[in-house]
There are 2 protein chains.
Amino acid sequence: MLRLAKLTDYGTVIMTTLAQSKTRRSATDLASSASLPLDAARKVLKDLARAGLVQSERGAHGGYALARPATDISVTQIIEALEGPIALTECSIHDHRCEIEQSCGARSNWHLINRAVRMALDQVSLADLAVPGSGRIAALARRFAPPHAVSIPADSIQRMTQA
Amino acid sequence: MLRLAKLTDYGTVIMTTLAQSKTRRSATDLASSASLPLDAARKVLKDLARAGLVQSERGAHGGYALARPATDISVTQIIEALEGPIALTECSIHDHRCEIEQSCGARSNWHLINRAVRMALDQVSLADLAVPGSGRIAALARRFAPPHAVSIPADSIQRMTQA
DNA sequence: TATAATTAGGACCGATTAAGTCCTCTTTCA
DNA sequence: TGAAAGAGGACTTAATCGGTCCTAATTATA
Ligand code: FES
Ligand code: FES
């Protein structure tokens, strides 16, 4: 886990497609354009519409278009539209859902970590995502690098060079 | 999704417990100490041992202890020990596993985003996690805040105040 | 007005995966 | 030798995801 649902992935692909073409597009059109399973694309688009990220038009010549400029849509919003609030652990958001909350020394910290990840994703806009090799995203990633020299466990170096 | 597996959550709780007590602890002991299901705790500990994060001792009076100082164990390592490499999307790591790679405008960017999230988690050590309300984690979270004023979509403000 | 195109909404099922449980073997200490 | 403990893995159940399909509502146009 710690993986986006496939449908969410589809969602980002569809959204980037929409961000690039500025005319309204039908679900069929978008699915083939992104080579996604048609029904899956339909489902995703319905969810995106319900969340207000795309504007739908019914009937003949209907279709979908972005509801606002791509710069005003964040990756967080796409994710949350398709799979609900970002919550790395069960207790990250609703504090009273976690069974082991009493004895858990990590709860408040997971809260913070969750927020950090969310803020990171919040800063990536659909406009950034739509540009392959986006410089803004690269710059963002650079901001997350360790501040200065940090003790790096040996095996993590091996891991990093593999990746 | 975008949620840690429950067992991973257990893993962090167990690790924080281990980080606090400096003597070797048996699985039974740890499970009751953190009020986790015993068998689940056993499974988690076995995985942590295989990954080299804890050192196990068999036989009577055996048990588990951290394999290195808590400052040298990162949250990333715990996660990866229990649920494999962090890969937000299927294509984040193994480039040739993703079916829609051809038509995907988002691939290289997901790569970057994935790395950013991983680096963030890399910077949180078990020692940080073990201190409730850790100042270091809070500081880290602050580093991820948007650099300066940023246009915030109205509905995200509503979301933020709810959360 | 009839028809075709198109989204809305939801039901359904098969596949995958997670979570929990259990069993057997090996190691170590008393 | 027996009890305590971990190693390794099989198995079952529950949850969730991905994919498919059906029906209704809406709109343009022939
Ligand atoms: S994991 Fe939920 S309170 Fe700690
Ligand atoms: S989601 Fe895999 S290549 Fe884009």
# chains A, B, ... in the order shown; residues from 1 in each chain; ligands from 1
call {"tool": "select_by_dssp", "arguments": {"residues": "stretch 13-98 of chain B", "states": "helix (DSSP H, G or I)", "output": "mmCIF file with C-alpha atoms, in the first residue's frame"}}
result
data_model
loop_
_atom_site.group_PDB
_atom_site.id
_atom_site.type_symbol
_atom_site.label_atom_id
_atom_site.label_comp_id
_atom_site.auth_asym_id
_atom_site.auth_seq_id
_atom_site.Cartn_x
_atom_site.Cartn_y
_atom_site.Cartn_z
ATOM 1 C CA VAL B 13 3.876 1.620 17.161
ATOM 2 C CA ILE B 14 5.991 -1.394 18.021
ATOM 3 C CA MET B 15 9.118 0.385 16.946
ATOM 4 C CA THR B 16 8.374 3.402 19.083
ATOM 5 C CA THR B 17 7.742 1.092 22.004
ATOM 6 C CA LEU B 18 11.060 -0.578 21.362
ATOM 7 C CA ALA B 19 12.779 2.763 21.038
ATOM 8 C CA GLN B 20 11.568 3.820 24.458
ATOM 9 C CA ALA B 27 6.818 -10.351 21.079
ATOM 10 C CA THR B 28 4.226 -11.195 23.706
ATOM 11 C CA ASP B 29 5.505 -8.438 25.890
ATOM 12 C CA LEU B 30 5.504 -5.882 23.102
ATOM 13 C CA ALA B 31 2.073 -6.816 21.874
ATOM 14 C CA SER B 32 0.458 -6.412 25.253
ATOM 15 C CA SER B 33 2.473 -3.313 25.943
ATOM 16 C CA LEU B 38 -0.428 -10.847 19.420
ATOM 17 C CA ASP B 39 -0.187 -12.736 16.156
ATOM 18 C CA ALA B 40 -0.112 -9.570 14.140
ATOM 19 C CA ALA B 41 2.674 -8.221 16.288
ATOM 20 C CA ARG B 42 4.612 -11.432 15.787
ATOM 21 C CA LYS B 43 4.272 -11.187 12.044
ATOM 22 C CA VAL B 44 5.352 -7.581 12.024
ATOM 23 C CA LEU B 45 8.350 -8.279 14.192
ATOM 24 C CA LYS B 46 9.442 -11.102 11.944
ATOM 25 C CA ASP B 47 9.357 -8.775 8.963
ATOM 26 C CA LEU B 48 11.212 -6.060 10.826
ATOM 27 C CA ALA B 49 13.853 -8.578 11.801
ATOM 28 C CA ARG B 50 14.240 -9.798 8.237
ATOM 29 C CA ALA B 70 16.564 5.139 16.815
ATOM 30 C CA THR B 71 18.102 8.190 15.205
ATOM 31 C CA ASP B 72 19.446 5.963 12.442
ATOM 32 C CA VAL B 75 10.111 6.012 8.816
ATOM 33 C CA THR B 76 10.800 5.156 5.204
ATOM 34 C CA GLN B 77 12.759 2.132 6.281
ATOM 35 C CA ILE B 78 9.981 0.911 8.515
ATOM 36 C CA ILE B 79 7.417 1.337 5.783
ATOM 37 C CA GLU B 80 9.539 -0.344 3.165
ATOM 38 C CA ALA B 81 10.344 -3.219 5.489
ATOM 39 C CA LEU B 82 6.669 -3.969 5.900
ATOM 40 C CA GLU B 83 5.101 -3.144 2.582
ATOM 41 C CA ASP B 95 9.105 2.167 -15.573
ATOM 42 C CA HIS B 96 8.002 -0.692 -17.719
ATOM 43 C CA ARG B 97 5.183 -1.998 -15.593
#
call {"tool": "interface_residues", "arguments": {"of": "chain A", "to": "chain D", "cutoff": "7 Å", "atoms": "only C-alpha atoms (C1' of nucleotides)", "output": "VMD selection string"}}
result
chain A and resid 40 58 to 60
call {"tool": "closest_residue", "arguments": {"among": "A:Thr89, A:Gln123, A:Ser74, A:Ser26", "to": "chain C", "atoms": "only C-alpha atoms (C1' of nucleotides)"}}
result
A:Ser26
call {"tool": "closest_atom_pairs", "arguments": {"of": "chain A", "to": "ligand 2", "cutoff": "9 Å", "atoms": "only C-alpha atoms and all ligand atoms", "output": "JSON lines"}}
result
{"residue": "A:Lys6", "atom": "CA", "partner": "ligand 2", "partner_atom_place_in_ligand_line": "1 (S)", "distance": 8.3}
{"residue": "A:Asp9", "atom": "CA", "partner": "ligand 2", "partner_atom_place_in_ligand_line": "1 (S)", "distance": 5.6}
{"residue": "A:Tyr10", "atom": "CA", "partner": "ligand 2", "partner_atom_place_in_ligand_line": "1 (S)", "distance": 7.0}
{"residue": "A:Thr12", "atom": "CA", "partner": "ligand 2", "partner_atom_place_in_ligand_line": "1 (S)", "distance": 8.1}
{"residue": "A:Val13", "atom": "CA", "partner": "ligand 2", "partner_atom_place_in_ligand_line": "4 (Fe)", "distance": 6.8}
call {"tool": "interface_residues", "arguments": {"of": "chain B", "to": "chain A", "cutoff": "7 Å", "atoms": "only C-alpha atoms", "output": "PDB file with N, CA and C atoms, in the first residue's frame"}}
result
ATOM      1  N   MET B   1      -7.365   4.494  -0.498  1.00  0.00           N
ATOM      2  CA  MET B   1      -5.928   4.202  -0.519  1.00  0.00           C
ATOM      3  C   MET B   1      -5.100   5.432  -0.223  1.00  0.00           C
ATOM      4  N   LEU B   2      -3.848   5.325  -0.574  1.00  0.00           N
ATOM      5  CA  LEU B   2      -2.854   6.257  -0.084  1.00  0.00           C
ATOM      6  C   LEU B   2      -2.861   6.183   1.435  1.00  0.00           C
ATOM      7  N   ARG B   3      -3.031   4.976   1.899  1.00  0.00           N
ATOM      8  CA  ARG B   3      -3.032   4.730   3.332  1.00  0.00           C
ATOM      9  C   ARG B   3      -2.028   3.624   3.612  1.00  0.00           C
ATOM     10  N   LEU B   4      -1.349   3.760   4.718  1.00  0.00           N
ATOM     11  CA  LEU B   4      -0.449   2.696   5.124  1.00  0.00           C
ATOM     12  C   LEU B   4      -1.273   1.471   5.491  1.00  0.00           C
ATOM     13  N   ALA B   5      -0.712   0.315   5.274  1.00  0.00           N
ATOM     14  CA  ALA B   5      -1.372  -0.896   5.738  1.00  0.00           C
ATOM     15  C   ALA B   5      -1.421  -0.859   7.261  1.00  0.00           C
ATOM     16  N   ASP B   9       1.251   0.347  10.322  1.00  0.00           N
ATOM     17  CA  ASP B   9       0.933   1.190  11.461  1.00  0.00           C
ATOM     18  C   ASP B   9       1.353   0.477  12.747  1.00  0.00           C
ATOM     19  N   VAL B  13       4.175   1.588  15.727  1.00  0.00           N
ATOM     20  CA  VAL B  13       3.876   1.620  17.161  1.00  0.00           C
ATOM     21  C   VAL B  13       4.850   0.713  17.913  1.00  0.00           C
ATOM     22  N   THR B  16       8.268   2.335  18.078  1.00  0.00           N
ATOM     23  CA  THR B  16       8.374   3.402  19.083  1.00  0.00           C
ATOM     24  C   THR B  16       8.444   2.795  20.479  1.00  0.00           C
ATOM     25  N   ALA B  34       1.699  -2.626  23.742  1.00  0.00           N
ATOM     26  CA  ALA B  34       1.110  -1.687  22.799  1.00  0.00           C
ATOM     27  C   ALA B  34      -0.347  -2.025  22.516  1.00  0.00           C
ATOM     28  N   SER B  35      -0.877  -2.985  23.241  1.00  0.00           N
ATOM     29  CA  SER B  35      -2.234  -3.496  23.036  1.00  0.00           C
ATOM     30  C   SER B  35      -2.533  -3.739  21.560  1.00  0.00           C
ATOM     31  N   ASP B  72      18.979   6.477  13.729  1.00  0.00           N
ATOM     32  CA  ASP B  72      19.446   5.963  12.442  1.00  0.00           C
ATOM     33  C   ASP B  72      18.414   5.094  11.748  1.00  0.00           C
ATOM     34  N   GLU B  83       5.970  -3.103   3.751  1.00  0.00           N
ATOM     35  CA  GLU B  83       5.101  -3.144   2.582  1.00  0.00           C
ATOM     36  C   GLU B  83       5.823  -2.819   1.286  1.00  0.00           C
ATOM     37  N   ILE B  86       8.194   2.365  -1.548  1.00  0.00           N
ATOM     38  CA  ILE B  86       7.163   3.384  -1.668  1.00  0.00           C
ATOM     39  C   ILE B  86       6.989   3.750  -3.128  1.00  0.00           C
ATOM     40  N   ALA B  87       5.807   3.526  -3.648  1.00  0.00           N
ATOM     41  CA  ALA B  87       5.542   3.827  -5.050  1.00  0.00           C
ATOM     42  C   ALA B  87       4.103   4.281  -5.169  1.00  0.00           C
ATOM     43  N   LEU B  88       3.907   5.596  -5.211  1.00  0.00           N
ATOM     44  CA  LEU B  88       2.560   6.136  -5.247  1.00  0.00           C
ATOM     45  C   LEU B  88       1.783   5.614  -6.442  1.00  0.00           C
ATOM     46  N   THR B  89       2.424   5.572  -7.588  1.00  0.00           N
ATOM     47  CA  THR B  89       1.774   5.020  -8.768  1.00  0.00           C
ATOM     48  C   THR B  89       2.552   3.788  -9.197  1.00  0.00           C
ATOM     49  N   ILE B  93       8.305   3.516 -10.013  1.00  0.00           N
ATOM     50  CA  ILE B  93       9.612   2.896  -9.865  1.00  0.00           C
ATOM     51  C   ILE B  93       9.993   2.076 -11.088  1.00  0.00           C
ATOM     52  N   ILE B 100      -0.273   2.170 -19.446  1.00  0.00           N
ATOM     53  CA  ILE B 100      -0.633   3.349 -20.224  1.00  0.00           C
ATOM     54  C   ILE B 100       0.534   4.309 -20.384  1.00  0.00           C
ATOM     55  N   SER B 103       0.825   6.928 -23.439  1.00  0.00           N
ATOM     56  CA  SER B 103      -0.017   8.108 -23.584  1.00  0.00           C
ATOM     57  C   SER B 103      -0.062   8.941 -22.312  1.00  0.00           C
ATOM     58  N   CYS B 104       0.822   8.611 -21.357  1.00  0.00           N
ATOM     59  CA  CYS B 104       0.679   9.250 -20.061  1.00  0.00           C
ATOM     60  C   CYS B 104       1.539  10.501 -19.964  1.00  0.00           C
ATOM     61  N   GLY B 105       0.878  11.632 -19.834  1.00  0.00           N
ATOM     62  CA  GLY B 105       1.634  12.870 -19.705  1.00  0.00           C
ATOM     63  C   GLY B 105       2.169  13.085 -18.307  1.00  0.00           C
ATOM     64  N   ALA B 106       1.756  12.240 -17.375  1.00  0.00           N
ATOM     65  CA  ALA B 106       2.063  12.513 -15.980  1.00  0.00           C
ATOM     66  C   ALA B 106       3.197  11.660 -15.424  1.00  0.00           C
ATOM     67  N   SER B 108       6.589  11.142 -15.743  1.00  0.00           N
ATOM     68  CA  SER B 108       7.841  11.649 -15.179  1.00  0.00           C
ATOM     69  C   SER B 108       7.566  12.516 -13.965  1.00  0.00           C
ATOM     70  N   ASN B 109       6.432  13.177 -13.963  1.00  0.00           N
ATOM     71  CA  ASN B 109       6.120  14.018 -12.816  1.00  0.00           C
ATOM     72  C   ASN B 109       5.768  13.189 -11.589  1.00  0.00           C
ATOM     73  N   LEU B 112       8.804  12.302  -9.822  1.00  0.00           N
ATOM     74  CA  LEU B 112       9.346  13.365  -8.965  1.00  0.00           C
ATOM     75  C   LEU B 112       8.550  13.489  -7.678  1.00  0.00           C
ATOM     76  N   ILE B 113       7.239  13.439  -7.807  1.00  0.00           N
ATOM     77  CA  ILE B 113       6.396  13.565  -6.621  1.00  0.00           C
ATOM     78  C   ILE B 113       6.683  12.425  -5.661  1.00  0.00           C
ATOM     79  N   ARG B 115       9.378  10.835  -5.327  1.00  0.00           N
ATOM     80  CA  ARG B 115      10.656  11.050  -4.664  1.00  0.00           C
ATOM     81  C   ARG B 115      10.523  12.072  -3.556  1.00  0.00           C
ATOM     82  N   ALA B 116       9.729  13.087  -3.796  1.00  0.00           N
ATOM     83  CA  ALA B 116       9.554  14.117  -2.775  1.00  0.00           C
ATOM     84  C   ALA B 116       8.933  13.522  -1.516  1.00  0.00           C
ATOM     85  N   VAL B 117       7.881  12.753  -1.706  1.00  0.00           N
ATOM     86  CA  VAL B 117       7.231  12.154  -0.548  1.00  0.00           C
ATOM     87  C   VAL B 117       8.211  11.244   0.183  1.00  0.00           C
ATOM     88  N   MET B 119      11.445  11.388   0.261  1.00  0.00           N
ATOM     89  CA  MET B 119      12.462  12.158   0.976  1.00  0.00           C
ATOM     90  C   MET B 119      11.894  12.734   2.257  1.00  0.00           C
ATOM     91  N   ALA B 120      10.659  13.169   2.184  1.00  0.00           N
ATOM     92  CA  ALA B 120      10.032  13.709   3.387  1.00  0.00           C
ATOM     93  C   ALA B 120      10.015  12.651   4.481  1.00  0.00           C
ATOM     94  N   GLN B 123      13.238  11.770   6.200  1.00  0.00           N
ATOM     95  CA  GLN B 123      13.815  12.703   7.166  1.00  0.00           C
ATOM     96  C   GLN B 123      13.202  12.573   8.548  1.00  0.00           C
ATOM     97  N   LEU B 129       9.779  10.061  15.926  1.00  0.00           N
ATOM     98  CA  LEU B 129       8.443   9.497  16.045  1.00  0.00           C
ATOM     99  C   LEU B 129       8.126   9.124  17.499  1.00  0.00           C
ATOM    100  N   ALA B 130       9.139   8.759  18.219  1.00  0.00           N
ATOM    101  CA  ALA B 130       8.912   8.245  19.576  1.00  0.00           C
ATOM    102  C   ALA B 130       8.619   9.355  20.581  1.00  0.00           C
ATOM    103  N   PRO B 132       6.212  12.146  21.500  1.00  0.00           N
ATOM    104  CA  PRO B 132       4.912  12.717  21.132  1.00  0.00           C
ATOM    105  C   PRO B 132       5.008  14.224  20.954  1.00  0.00           C
ATOM    106  N   GLY B 133       4.430  14.697  19.857  1.00  0.00           N
ATOM    107  CA  GLY B 133       4.505  16.122  19.577  1.00  0.00           C
ATOM    108  C   GLY B 133       5.920  16.584  19.286  1.00  0.00           C
ATOM    109  N   SER B 134       6.643  15.747  18.569  1.00  0.00           N
ATOM    110  CA  SER B 134       8.049  16.053  18.297  1.00  0.00           C
ATOM    111  C   SER B 134       8.232  17.396  17.618  1.00  0.00           C
ATOM    112  N   ILE B 137       9.596  17.060  13.950  1.00  0.00           N
ATOM    113  CA  ILE B 137       8.622  16.750  12.909  1.00  0.00           C
ATOM    114  C   ILE B 137       7.778  17.976  12.592  1.00  0.00           C
ATOM    115  N   ALA B 138       7.402  18.696  13.616  1.00  0.00           N
ATOM    116  CA  ALA B 138       6.634  19.922  13.381  1.00  0.00           C
ATOM    117  C   ALA B 138       7.431  20.877  12.500  1.00  0.00           C
ATOM    118  N   ALA B 141       7.334  19.664   8.981  1.00  0.00           N
ATOM    119  CA  ALA B 141       6.051  19.974   8.364  1.00  0.00           C
ATOM    120  C   ALA B 141       6.012  21.430   7.932  1.00  0.00           C
ATOM    121  N   PHE B 144       7.345  22.323   4.602  1.00  0.00           N
ATOM    122  CA  PHE B 144       6.567  21.954   3.428  1.00  0.00           C
ATOM    123  C   PHE B 144       5.450  22.932   3.134  1.00  0.00           C
ATOM    124  N   ALA B 145       5.283  23.878   4.006  1.00  0.00           N
ATOM    125  CA  ALA B 145       4.237  24.856   3.749  1.00  0.00           C
ATOM    126  C   ALA B 145       4.580  25.637   2.491  1.00  0.00           C
ATOM    127  N   PRO B 146       3.562  26.139   1.814  1.00  0.00           N
ATOM    128  CA  PRO B 146       3.815  26.912   0.595  1.00  0.00           C
ATOM    129  C   PRO B 146       4.755  28.066   0.882  1.00  0.00           C
ATOM    130  N   PRO B 153      -7.859  27.737  -3.663  1.00  0.00           N
ATOM    131  CA  PRO B 153      -9.246  27.582  -4.098  1.00  0.00           C
ATOM    132  C   PRO B 153     -10.178  27.591  -2.896  1.00  0.00           C
ATOM    133  N   ALA B 163     -10.960  19.859   8.625  1.00  0.00           N
ATOM    134  CA  ALA B 163      -9.980  18.835   9.037  1.00  0.00           C
ATOM    135  C   ALA B 163      -9.283  19.205  10.337  1.00  0.00           C
TER     136      ALA B 163
END
call {"tool": "atom_distance", "arguments": {"atom1": "atom CA of B:Leu53", "atom2": "atom CA of B:Leu66"}}
result
6.3 Å
call {"tool": "atom_distance", "arguments": {"atom1": "atom CA of A:His61", "atom2": "atom C1' of C:DT1"}}
result
19.6 Å
call {"tool": "interface_residues", "arguments": {"of": "chain C", "to": "chain B", "cutoff": "6 Å", "atoms": "only C-alpha atoms (C1' of nucleotides)", "output": "PDB file with N, CA, C and O atoms (P, O5', C5', C4', C3', O3' and C1' of nucleotides), in the first residue's frame"}}
result
ATOM      1  P    DT C  27      18.642 -24.600  14.686  1.00  0.00           P
ATOM      2  O5'  DT C  27      18.557 -23.648  15.975  1.00  0.00           O
ATOM      3  C5'  DT C  27      18.346 -22.255  15.780  1.00  0.00           C
ATOM      4  C4'  DT C  27      18.092 -21.613  17.118  1.00  0.00           C
ATOM      5  C3'  DT C  27      19.197 -21.835  18.154  1.00  0.00           C
ATOM      6  O3'  DT C  27      19.625 -20.561  18.576  1.00  0.00           O
ATOM      7  C1'  DT C  27      17.059 -22.250  19.085  1.00  0.00           C
ATOM      8  P    DT C  28      21.072 -20.411  19.317  1.00  0.00           P
ATOM      9  O5'  DT C  28      20.655 -20.334  20.854  1.00  0.00           O
ATOM     10  C5'  DT C  28      19.898 -19.209  21.288  1.00  0.00           C
ATOM     11  C4'  DT C  28      19.274 -19.509  22.627  1.00  0.00           C
ATOM     12  C3'  DT C  28      20.258 -19.880  23.733  1.00  0.00           C
ATOM     13  O3'  DT C  28      20.280 -18.807  24.654  1.00  0.00           O
ATOM     14  C1'  DT C  28      18.265 -21.180  23.803  1.00  0.00           C
ATOM     15  P    DC C  29      21.452 -18.708  25.742  1.00  0.00           P
ATOM     16  O5'  DC C  29      20.656 -19.010  27.091  1.00  0.00           O
ATOM     17  C5'  DC C  29      19.511 -18.224  27.386  1.00  0.00           C
ATOM     18  C4'  DC C  29      18.638 -18.959  28.375  1.00  0.00           C
ATOM     19  C3'  DC C  29      19.343 -19.394  29.651  1.00  0.00           C
ATOM     20  O3'  DC C  29      18.640 -18.854  30.760  1.00  0.00           O
ATOM     21  C1'  DC C  29      18.101 -21.189  28.721  1.00  0.00           C
TER      22       DC C  29
END
call {"tool": "atom_distance", "arguments": {"atom1": "atom CA of A:Ser125", "atom2": "atom CA of A:Gln55"}}
result
17.9 Å
call {"tool": "select_by_dssp", "arguments": {"residues": "stretch 37-146 of chain B", "states": "strand (DSSP E)", "output": "list in words"}}
result
Val54, Gln55, Ser56, Glu57, Gly63, Tyr64, Ala65 and Leu66 of chain B
